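What's in data20.csv: CSV, C-alpha atoms
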chain,number,residue,atom,x,y,z
A,32,MET,CA,23.2,-13.6,-16.4
A,33,ASN,CA,25.0,-12.0,-13.4
A,34,ASP,CA,23.7,-8.6,-14.3
A,35,LEU,CA,20.1,-9.9,-13.9
A,36,ALA,CA,20.6,-11.7,-10.6
A,37,PHE,CA,17.7,-11.9,-8.2
A,38,GLY,CA,17.7,-9.0,-5.7
A,39,THR,CA,19.9,-6.7,-7.7
A,40,ASP,CA,19.0,-3.3,-9.1
A,41,HIS,CA,18.3,-3.6,-12.8
A,42,ALA,CA,19.0,-0.5,-15.0
A,43,GLY,CA,15.7,1.5,-15.4
A,44,ARG,CA,13.7,-0.6,-13.0
A,45,TRP,CA,10.9,1.4,-11.4
A,46,SER,CA,11.0,2.1,-7.7
A,47,VAL,CA,8.6,0.3,-5.5
A,48,GLU,CA,6.9,3.7,-4.8
A,49,ARG,CA,6.3,4.3,-8.5
A,50,THR,CA,4.8,0.9,-9.0
A,51,GLN,CA,2.6,1.3,-6.0
A,52,ALA,CA,1.3,4.6,-7.4
A,53,TRP,CA,0.7,2.9,-10.7
A,54,ALA,CA,-1.3,0.1,-8.9
A,55,GLU,CA,-3.4,2.6,-7.0
A,56,ARG,CA,-4.1,4.5,-10.3
A,57,VAL,CA,-5.2,1.5,-12.4
A,58,GLY,CA,-7.0,-0.4,-9.6
A,59,TRP,CA,-7.7,-4.1,-9.7
A,60,LEU,CA,-6.8,-5.5,-13.1
A,61,VAL,CA,-9.1,-8.3,-14.0
A,62,GLY,CA,-9.6,-9.8,-17.5
A,63,CYS,CA,-8.5,-12.4,-20.0
A,64,ASN,CA,-5.8,-13.4,-22.4
A,65,TYR,CA,-7.5,-12.3,-25.6
A,66,LEU,CA,-7.6,-13.7,-29.2
A,67,PRO,CA,-10.7,-13.2,-31.3
A,68,ARG,CA,-12.6,-16.4,-32.2
A,69,THR,CA,-11.7,-15.8,-35.9
A,70,ALA,CA,-7.9,-16.1,-35.3
A,71,SER,CA,-5.9,-19.2,-34.7
A,72,ASN,CA,-2.7,-17.3,-33.7
A,73,GLN,CA,-1.1,-13.9,-33.3
A,74,LEU,CA,-0.4,-13.5,-37.0
A,75,GLU,CA,-4.0,-14.3,-38.0
A,76,MET,CA,-5.2,-11.7,-35.4
A,77,TRP,CA,-3.0,-8.9,-36.7
A,78,GLN,CA,-2.3,-9.3,-40.4
A,79,ALA,CA,-4.2,-7.0,-42.7
A,80,GLU,CA,-6.1,-9.7,-44.5
A,81,THR,CA,-7.5,-11.3,-41.3
A,82,PHE,CA,-7.7,-8.4,-38.8
A,83,ASP,CA,-11.3,-8.5,-37.7
A,84,PRO,CA,-12.4,-5.4,-35.8
A,85,GLN,CA,-16.1,-6.3,-36.1
A,86,THR,CA,-15.6,-9.5,-34.2
A,87,ILE,CA,-13.2,-7.8,-31.7
A,88,ARG,CA,-15.8,-5.1,-31.0
A,89,GLU,CA,-18.5,-7.7,-30.4
A,90,GLU,CA,-16.4,-9.9,-28.1
A,91,LEU,CA,-15.0,-7.0,-26.1
A,92,ALA,CA,-18.6,-6.0,-25.4
A,93,TRP,CA,-19.1,-9.4,-23.9
A,94,SER,CA,-15.9,-9.0,-21.9
A,95,ALA,CA,-17.1,-5.6,-20.7
A,96,GLY,CA,-20.4,-7.2,-19.6
A,97,LEU,CA,-18.3,-9.3,-17.2
A,98,GLY,CA,-16.7,-6.2,-15.7
A,99,PHE,CA,-13.3,-7.1,-17.2
A,100,ASN,CA,-11.0,-4.1,-17.7
A,101,ALA,CA,-7.7,-5.8,-18.9
A,102,LEU,CA,-6.8,-7.8,-22.0
A,103,ARG,CA,-3.5,-9.6,-22.3
A,104,VAL,CA,-2.7,-9.7,-26.1
A,105,TYR,CA,0.2,-11.2,-28.0
A,106,LEU,CA,2.1,-9.4,-30.7
A,107,HIS,CA,4.7,-10.9,-33.1
A,108,ASP,CA,8.0,-9.7,-34.5
A,109,LEU,CA,7.2,-10.8,-38.1
A,110,LEU,CA,4.3,-8.3,-38.2
A,111,TRP,CA,6.9,-5.5,-38.2
A,112,ALA,CA,7.5,-6.3,-41.9
A,113,ASP,CA,4.4,-4.1,-42.4
A,114,ALA,CA,5.3,-1.6,-39.7
A,115,ASP,CA,2.9,1.2,-40.8
A,116,GLY,CA,0.0,-1.2,-41.2
A,117,PHE,CA,0.7,-3.0,-37.9
A,118,ARG,CA,0.8,0.3,-36.0
A,119,SER,CA,-2.5,1.3,-37.6
A,120,ARG,CA,-4.1,-1.9,-36.5
A,121,LEU,CA,-2.7,-1.7,-33.0
A,122,ASP,CA,-4.2,1.8,-32.8
A,123,ARG,CA,-7.6,0.5,-34.0
A,124,PHE,CA,-7.6,-2.4,-31.5
A,125,LEU,CA,-6.7,-0.1,-28.6
A,126,GLU,CA,-9.5,2.3,-29.7
A,127,ILE,CA,-12.0,-0.5,-29.5
A,128,ALA,CA,-10.5,-1.7,-26.2
A,129,GLN,CA,-10.7,1.7,-24.6
A,130,ALA,CA,-14.3,2.3,-25.9
A,131,THR,CA,-15.3,-0.9,-24.1
A,132,GLY,CA,-13.5,-0.1,-20.8
A,133,HIS,CA,-10.3,-2.2,-21.4
A,134,ARG,CA,-6.6,-1.6,-21.3
A,135,ALA,CA,-4.0,-3.9,-22.8
A,136,ILE,CA,-1.2,-5.9,-21.5
A,137,LEU,CA,1.0,-6.3,-24.6
A,138,VAL,CA,3.3,-9.4,-25.0
A,139,LEU,CA,6.3,-8.9,-27.2
A,140,PHE,CA,8.1,-12.3,-27.4
A,141,ASP,CA,6.9,-15.9,-26.7
A,142,ASP,CA,8.5,-19.3,-26.4
A,143,CYS,CA,5.4,-21.4,-26.8
A,144,TRP,CA,4.1,-23.8,-29.5
A,145,ASN,CA,5.0,-23.9,-33.2
A,146,PRO,CA,8.7,-23.0,-33.7
A,147,GLU,CA,8.9,-21.6,-37.3
A,148,PRO,CA,6.2,-18.9,-38.0
A,149,ARG,CA,5.5,-17.7,-41.4
A,150,LEU,CA,3.7,-14.6,-42.6
A,151,GLY,CA,0.7,-15.0,-44.9
A,152,PRO,CA,-2.3,-17.3,-44.7
A,153,GLN,CA,-2.2,-19.5,-41.6
A,154,PRO,CA,-3.0,-23.2,-41.7
A,155,ASP,CA,-6.4,-24.3,-40.5
A,156,PRO,CA,-6.6,-25.5,-36.9
A,157,VAL,CA,-6.0,-29.3,-36.4
A,158,PRO,CA,-9.4,-30.6,-35.1
A,159,GLY,CA,-9.4,-31.2,-31.4
A,160,VAL,CA,-5.9,-29.9,-30.8
A,161,HIS,CA,-5.2,-27.2,-28.3
A,162,ASN,CA,-3.6,-24.1,-29.8
A,163,SER,CA,-2.5,-26.1,-32.9
A,164,GLN,CA,-1.4,-23.1,-34.9
A,165,TRP,CA,0.0,-20.8,-32.2
A,166,VAL,CA,3.6,-19.6,-33.1
A,167,GLN,CA,6.7,-18.7,-31.2
A,168,SER,CA,8.2,-15.2,-31.5
A,169,PRO,CA,10.9,-15.0,-32.7
A,170,ALA,CA,11.3,-18.3,-34.5
A,171,VAL,CA,13.5,-21.0,-32.9
A,172,SER,CA,16.0,-20.8,-35.8
A,173,VAL,CA,16.4,-17.1,-34.9
A,174,LYS,CA,16.9,-17.9,-31.2
A,175,GLN,CA,19.4,-20.6,-31.9
A,176,ARG,CA,21.4,-18.2,-34.2
A,177,TRP,CA,20.9,-14.9,-32.3
A,178,SER,CA,23.1,-13.1,-34.8
A,179,ASP,CA,23.7,-9.3,-35.0
A,180,ALA,CA,21.4,-9.1,-37.9
A,181,ASP,CA,18.6,-10.9,-36.0
A,182,ARG,CA,19.2,-8.6,-33.0
A,183,ASP,CA,19.0,-5.5,-35.2
A,184,ARG,CA,15.7,-6.5,-36.7
A,185,LEU,CA,14.2,-7.5,-33.4
A,186,ARG,CA,15.4,-4.3,-31.7
A,187,ALA,CA,13.7,-2.3,-34.5
A,188,TYR,CA,10.4,-4.2,-33.8
A,189,VAL,CA,10.6,-3.7,-30.0
A,190,HIS,CA,11.6,0.0,-30.3
A,191,GLY,CA,9.0,0.6,-33.0
A,192,VAL,CA,6.1,-0.9,-31.1
A,193,VAL,CA,7.0,0.4,-27.6
A,194,ALA,CA,7.9,3.9,-28.7
A,195,HIS,CA,4.7,4.2,-30.7
A,196,LEU,CA,2.6,3.3,-27.7
A,197,ALA,CA,4.9,4.6,-24.9
A,198,GLN,CA,2.3,7.2,-23.8
A,199,HIS,CA,-0.9,5.5,-24.9
A,200,PRO,CA,-3.5,5.4,-22.2
A,201,GLY,CA,-4.8,2.1,-23.6
A,202,VAL,CA,-1.7,0.2,-22.7
A,203,VAL,CA,-1.4,-0.6,-19.0
A,204,LEU,CA,1.6,-3.0,-18.9
A,205,TRP,CA,4.4,-4.4,-21.2
A,206,ASP,CA,4.9,-8.2,-20.8
A,207,VAL,CA,8.2,-8.5,-22.6
A,208,TYR,CA,8.6,-12.3,-22.8
A,209,ASN,CA,6.0,-15.1,-22.3
A,210,GLU,CA,7.3,-18.3,-20.8
A,211,PRO,CA,11.0,-18.1,-21.6
A,212,GLY,CA,12.5,-21.5,-21.7
A,213,ASN,CA,9.3,-23.3,-22.7
A,214,ARG,CA,11.2,-24.9,-25.6
A,215,GLY,CA,8.7,-27.5,-26.9
A,216,LYS,CA,9.5,-30.1,-29.5
A,217,ASP,CA,10.0,-30.2,-33.2
A,218,ALA,CA,8.0,-32.3,-35.6
A,219,ASP,CA,9.9,-35.5,-34.8
A,220,GLY,CA,9.6,-35.1,-31.1
A,221,THR,CA,13.1,-33.8,-30.4
A,222,THR,CA,13.3,-31.1,-27.7
A,223,LEU,CA,14.2,-27.8,-29.2
A,224,ASP,CA,17.5,-26.3,-28.1
A,225,PHE,CA,18.0,-22.6,-27.5
A,226,ASP,CA,18.9,-20.2,-24.7
A,227,SER,CA,16.2,-17.7,-23.7
A,228,ALA,CA,18.4,-15.8,-21.3
A,229,PRO,CA,20.2,-13.5,-23.8
A,230,ILE,CA,17.0,-12.8,-25.6
A,231,LEU,CA,15.3,-11.8,-22.3
A,232,ARG,CA,18.3,-9.6,-21.5
A,233,ASP,CA,18.0,-7.9,-24.9
A,234,VAL,CA,14.3,-7.3,-25.0
A,235,VAL,CA,14.3,-5.8,-21.5
A,236,ALA,CA,17.1,-3.4,-22.6
A,237,TRP,CA,15.3,-2.5,-25.8
A,238,THR,CA,12.0,-1.9,-24.0
A,239,ARG,CA,13.7,0.4,-21.5
A,240,GLU,CA,15.4,2.3,-24.3
A,241,ALA,CA,12.0,3.1,-25.7
A,242,ASP,CA,11.1,4.8,-22.4
A,243,PRO,CA,7.5,3.7,-22.0
A,244,SER,CA,5.3,5.4,-19.4
A,245,GLN,CA,3.9,2.0,-18.5
A,246,PRO,CA,5.7,-0.5,-16.3
A,247,LEU,CA,7.4,-3.7,-17.5
A,248,THR,CA,7.0,-7.3,-16.4
A,249,ALA,CA,8.2,-10.8,-17.4
A,250,GLY,CA,6.1,-13.4,-15.8
A,251,VAL,CA,7.4,-16.4,-13.9
A,252,TRP,CA,5.7,-19.6,-15.1
A,253,LYS,CA,7.8,-22.6,-13.9
A,254,HIS,CA,8.9,-23.3,-10.3
A,255,GLU,CA,11.7,-25.9,-10.8
A,256,ALA,CA,15.4,-25.8,-10.1
A,257,ALA,CA,16.3,-25.7,-13.8
A,258,PHE,CA,14.4,-22.4,-14.1
A,259,HIS,CA,16.0,-20.7,-11.0
A,260,GLU,CA,18.3,-18.5,-13.1
A,261,ILE,CA,15.8,-17.4,-15.7
A,262,ASN,CA,13.1,-16.8,-13.0
A,263,ALA,CA,15.6,-14.7,-11.0
A,264,ALA,CA,16.3,-12.7,-14.2
A,265,GLN,CA,12.6,-12.1,-14.8
A,266,LEU,CA,11.9,-11.0,-11.3
A,267,ALA,CA,14.9,-8.7,-11.2
A,268,CYS,CA,13.9,-6.8,-14.3
A,269,SER,CA,10.2,-6.6,-13.6
A,270,ASP,CA,8.6,-3.4,-12.3
A,271,VAL,CA,5.4,-5.3,-11.6
A,272,LEU,CA,5.8,-9.0,-10.6
A,273,SER,CA,3.7,-11.3,-12.7
A,274,PHE,CA,3.2,-15.1,-12.8
A,275,HIS,CA,1.2,-18.0,-14.1
A,276,HIS,CA,-0.8,-20.1,-11.8
A,277,TYR,CA,-2.2,-23.3,-13.3
A,278,SER,CA,-2.4,-25.1,-10.0
A,279,ARG,CA,-4.5,-25.5,-6.9
A,280,ILE,CA,-5.2,-22.2,-5.1
A,281,GLU,CA,-3.8,-23.8,-1.9
A,282,LYS,CA,-0.3,-23.5,-3.5
A,283,LEU,CA,-0.6,-19.8,-4.0
A,284,PRO,CA,1.1,-18.8,-0.8
A,285,ASP,CA,4.2,-20.8,-1.7
A,286,VAL,CA,4.2,-19.3,-5.2
A,287,LEU,CA,4.0,-15.8,-3.8
A,288,ALA,CA,6.9,-16.6,-1.3
A,289,ARG,CA,9.1,-17.6,-4.3
A,290,LEU,CA,8.2,-14.5,-6.2
A,291,GLN,CA,8.6,-12.0,-3.4
A,292,GLY,CA,11.6,-13.4,-1.7
A,293,PRO,CA,12.3,-13.4,2.1
A,294,ALA,CA,11.5,-9.7,2.4
A,295,PRO,CA,8.6,-8.6,0.1
A,296,ASP,CA,9.0,-5.0,-1.0
A,297,GLY,CA,5.4,-4.3,-1.9
A,298,ARG,CA,5.6,-4.5,-5.6
A,299,PRO,CA,2.2,-5.1,-7.3
A,300,LEU,CA,1.3,-8.6,-8.4
A,301,VAL,CA,-0.5,-9.8,-11.5
A,302,CYS,CA,-1.4,-13.4,-12.3
A,303,THR,CA,-1.3,-13.2,-16.1
A,304,GLU,CA,-2.5,-16.8,-16.8
A,305,HIS,CA,-4.9,-19.0,-14.8
A,306,LEU,CA,-8.0,-21.2,-15.4
A,307,ALA,CA,-7.3,-24.8,-16.4
A,308,ARG,CA,-10.5,-26.7,-15.6
A,309,THR,CA,-9.4,-30.1,-16.9
A,310,LEU,CA,-5.9,-30.2,-15.3
A,311,VAL,CA,-6.4,-29.4,-11.7
A,312,ASN,CA,-9.0,-27.7,-9.4
A,313,ASP,CA,-8.3,-24.4,-11.2
A,314,THR,CA,-11.6,-22.7,-11.9
A,315,VAL,CA,-13.1,-19.2,-11.8
A,316,ALA,CA,-14.7,-20.1,-8.4
A,317,THR,CA,-11.4,-21.4,-6.8
A,318,HIS,CA,-9.1,-18.6,-8.0
A,319,LEU,CA,-10.8,-15.3,-8.8
A,320,PRO,CA,-12.2,-14.6,-5.3
A,321,GLU,CA,-8.7,-15.3,-3.7
A,322,PHE,CA,-6.9,-13.1,-6.2
A,323,LYS,CA,-9.3,-10.3,-5.5
A,324,ARG,CA,-9.0,-10.8,-1.7
A,325,ARG,CA,-5.2,-10.5,-2.0
A,326,GLY,CA,-5.3,-7.6,-4.5
A,327,ILE,CA,-3.6,-9.6,-7.2
A,328,GLY,CA,-4.4,-8.8,-10.8
A,329,ALA,CA,-6.2,-11.7,-12.4
A,330,ILE,CA,-6.0,-12.5,-16.2
A,331,ASN,CA,-7.6,-15.9,-17.1
A,332,TRP,CA,-6.8,-17.7,-20.3
A,333,GLY,CA,-9.4,-17.2,-23.0
A,334,LEU,CA,-12.6,-15.4,-23.7
A,335,VAL,CA,-14.4,-17.0,-26.6
A,336,ASP,CA,-14.2,-20.5,-28.0
A,337,GLY,CA,-12.7,-20.2,-31.5
A,338,ARG,CA,-9.9,-21.1,-33.9
A,339,SER,CA,-7.3,-21.4,-31.1
A,340,GLN,CA,-9.3,-24.3,-29.7
A,341,THR,CA,-8.2,-23.7,-26.2
A,342,LYS,CA,-11.3,-25.3,-24.8
A,343,PHE,CA,-9.4,-28.5,-25.4
A,344,PRO,CA,-6.7,-29.5,-22.8
A,345,TRP,CA,-3.0,-29.3,-23.4
A,346,GLY,CA,-1.9,-32.4,-25.3
A,347,SER,CA,-5.3,-33.2,-26.7
A,348,PRO,CA,-5.0,-35.6,-29.7
A,349,GLU,CA,-6.2,-34.8,-33.2
A,350,GLY,CA,-10.0,-35.5,-33.4
A,351,ALA,CA,-10.5,-35.2,-29.7
A,352,PRO,CA,-14.2,-35.0,-28.7
A,353,GLU,CA,-15.8,-31.9,-27.1
A,354,PRO,CA,-14.2,-31.8,-23.6
A,355,ASP,CA,-16.1,-31.7,-20.4
A,356,PRO,CA,-15.2,-29.5,-18.7
A,357,TRP,CA,-13.7,-27.0,-21.1
A,358,HIS,CA,-10.0,-26.3,-20.4
A,359,HIS,CA,-10.1,-22.5,-21.0
A,360,ASP,CA,-12.5,-19.9,-22.3
A,361,LEU,CA,-15.7,-18.4,-21.0
A,362,PHE,CA,-18.1,-18.0,-23.9
A,363,HIS,CA,-19.5,-20.0,-26.8
A,364,PRO,CA,-19.0,-18.3,-30.3
A,365,ASP,CA,-22.5,-16.8,-30.1
A,366,GLY,CA,-21.8,-15.1,-26.8
A,367,THR,CA,-23.6,-17.6,-24.6
A,368,PRO,CA,-21.7,-18.2,-21.4
A,369,TYR,CA,-20.1,-21.6,-21.1
A,370,ARG,CA,-21.1,-21.7,-17.4
A,371,GLN,CA,-23.6,-19.1,-16.3
A,372,GLU,CA,-22.6,-19.5,-12.7
A,373,GLU,CA,-19.0,-18.4,-13.6
A,374,VAL,CA,-20.3,-15.3,-15.4
A,375,ASP,CA,-22.5,-14.5,-12.4
A,376,LEU,CA,-19.5,-14.9,-10.0
A,377,ILE,CA,-17.3,-12.7,-12.2
A,378,ARG,CA,-19.9,-10.0,-12.3
A,379,THR,CA,-20.3,-10.1,-8.5
A,380,LEU,CA,-16.6,-9.7,-8.0
A,381,THR,CA,-16.2,-6.9,-10.5
A,382,GLY,CA,-19.4,-5.1,-9.3
A,383,VAL,CA,-21.3,-5.3,-12.6
A,384,SER,CA,-25.0,-5.8,-12.5
A,385,SER,CA,-26.1,-9.4,-13.4
A,386,THR,CA,-28.6,-7.8,-15.9
A,387,VAL,CA,-25.8,-6.4,-18.1
Any chance you could give the structure as structure tokens?
Amino acid sequence: MNDLAFGTDHAGRWSVERTQAWAERVGWLVGCNYLPRTASNQLEMWQAETFDPQTIREELAWSAGLGFNALRVYLHDLLWADADGFRSRLDRFLEIAQATGHRAILVLFDDCWNPEPRLGPQPDPVPGVHNSQWVQSPAVSVKQRWSDADRDRLRAYVHGVVAHLAQHPGVVLWDVYNEPGNRGKDADGTTLDFDSAPILRDVVAWTREADPSQPLTAGVWKHEAAFHEINAAQLACSDVLSFHHYSRIEKLPDVLARLQGPAPDGRPLVCTEHLARTLVNDTVATHLPEFKRRGIGAINWGLVDGRSQTKFPWGSPEGAPEPDPWHHDLFHPDGTPYRQEEVDLIRTLTGVSSTV
């Protein structure tokens, strides 16, 4: 990890001036982590049999009505088994996104939730359980092995996706690895054992090799001593600094100090996950105005209540009743706002008429 130490120059990292020019060009990024209500996970969103452009078009119209302009969307390495079809569906999604005024933040790898993904029909959601069918990318067995064959396959996936979209105006940012080190547990409750550091190092290098015109980021999500090294690596390789903030807004200055170090250099900041109503005082009203005041991009978790069931809190048991308040998400499946006052506030901050 020494080659990714905090404060060092990482090969291919954009200059501060270049990232500032990018930030001025794209403006305030505001939007959501997006999964259509008909999909339980990344595979169900993108596989040919369940790709749902009609629902995507409808929901992105609702998002555009809020004034949202950014969608953080997860991809998956297994989808590269149908490379031509996957590229075609990516193009279709970006066409719909651009037509509704959005650009995409694309996530390549992820350490969260179910450890062993499989292509094909996905299991139905477990009633009441938050994100019950979300899958890691790559599989934990791959991370534990991290063989040359695994690296070759995953390099082909990263190169293929990034090179295909390297000049695409519908892509605004590459988020190379979501929550590295969020290992989770297997079916018997044993903590999974793998090292995210070499995977992070490789995906950064592969993304740079594809020479995208868009900047790269790897968001910091855990501020604990055990994560110091991986956090430093994420910050050192990021053109744009990104982070998750599921906490009270009063803690934001401390988070920013950790991200920017003792001498902030002016790199743009994007919060790529926030909004956890059931956990802490983390609501649209507490966070979005402060992010806008500080010029920090703001991407909340969730748009529409659906098969991902992220209205339920983390750790919700099977059969849990309807939560009050919802944990994530902004709309009911029919497009009715969960909280009208939240929608009104978002529209005020984005400058969209309340009659949209």
Could you give me, as a VMD selection string, the residues within 8 Å of Tyr188 in chain A, counting all atoms listed in the file and dropping anything in the same chain fewer than 3 positions from it? chain A and resid 108 111 184 to 185 191 to 192
Give me the residues within 6 Å of His358 in chain A as a ChimeraX atom specification, counting only C-alpha atoms and dropping any in the same chain fewer than 3 places off. /A:307-309,342-344
Would you save the residues from that selection as a PDB file, keeping the file's coordinate frame, using C-alpha atoms?
ATOM      1  CA  ALA A 307      -7.300 -24.800 -16.400  1.00  0.00           C
ATOM      2  CA  ARG A 308     -10.500 -26.700 -15.600  1.00  0.00           C
ATOM      3  CA  THR A 309      -9.400 -30.100 -16.900  1.00  0.00           C
ATOM      4  CA  LYS A 342     -11.300 -25.300 -24.800  1.00  0.00           C
ATOM      5  CA  PHE A 343      -9.400 -28.500 -25.400  1.00  0.00           C
ATOM      6  CA  PRO A 344      -6.700 -29.500 -22.800  1.00  0.00           C
TER       7      PRO A 344
END
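The coordinates place CA of Gly212 in chain A at 8.2 Å from CA of Ala228 in chain A.
Closest approach to Val207 in chain A among A:Asp355, A:Asp270, A:Glu373, A:Asp285 is made by A:Asp270 (distances from all atoms listed in the file).
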If we count only C-alpha atoms and set the cut-off at 8 Å, which residues sit around Pro67 in chain A, ignoring sequence neighbours fewer than 4 positions away in its own chain? Please answer as a VMD selection string. chain A and resid 76 83 86 to 87 90 335 337
By how many Å are CA of Ile280 in chain A and CA of Thr317 in chain A apart? 6.5 Å
So that I can see what lies close to Arg118 in chain A, please list as an MDAnalysis selection string the residues with an atom at most 8 Å from it, counting all atoms listed in the file and leaving out residues fewer than 3 positions away in the same chain. chainID A and resid 114:115 121:122 192 195
Restricting to only C-alpha atoms, whichever of A:Lys216, A:His161, A:Arg279, A:Arg120 is closest to Gln340 in chain A is A:His161
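Separating CA of Asp360 in chain A from CA of Gly201 in chain A is a distance of 23.3 Å.
The smallest atom-to-atom distance between Trp357 in chain A and any of A:Gly220, A:Pro211, A:Pro246, A:Gly159, using only C-alpha atoms, is found for A:Gly159.
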Closest of A:Leu139, A:Trp144, A:Pro368, A:Asp179 to Trp237 in chain A, counting all atoms listed in the file, is A:Leu139
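Residue nearest Gly297 in chain A, chosen from A:Leu380, A:Val166, A:Ala267, A:Val47 and counting all atoms listed in the file: A:Val47.
Distances from A:Ala128, A:Ile330, A:Val271, A:Leu319 to Ser46 in chain A were compared using only C-alpha atoms, and the smallest one belongs to A:Val271.
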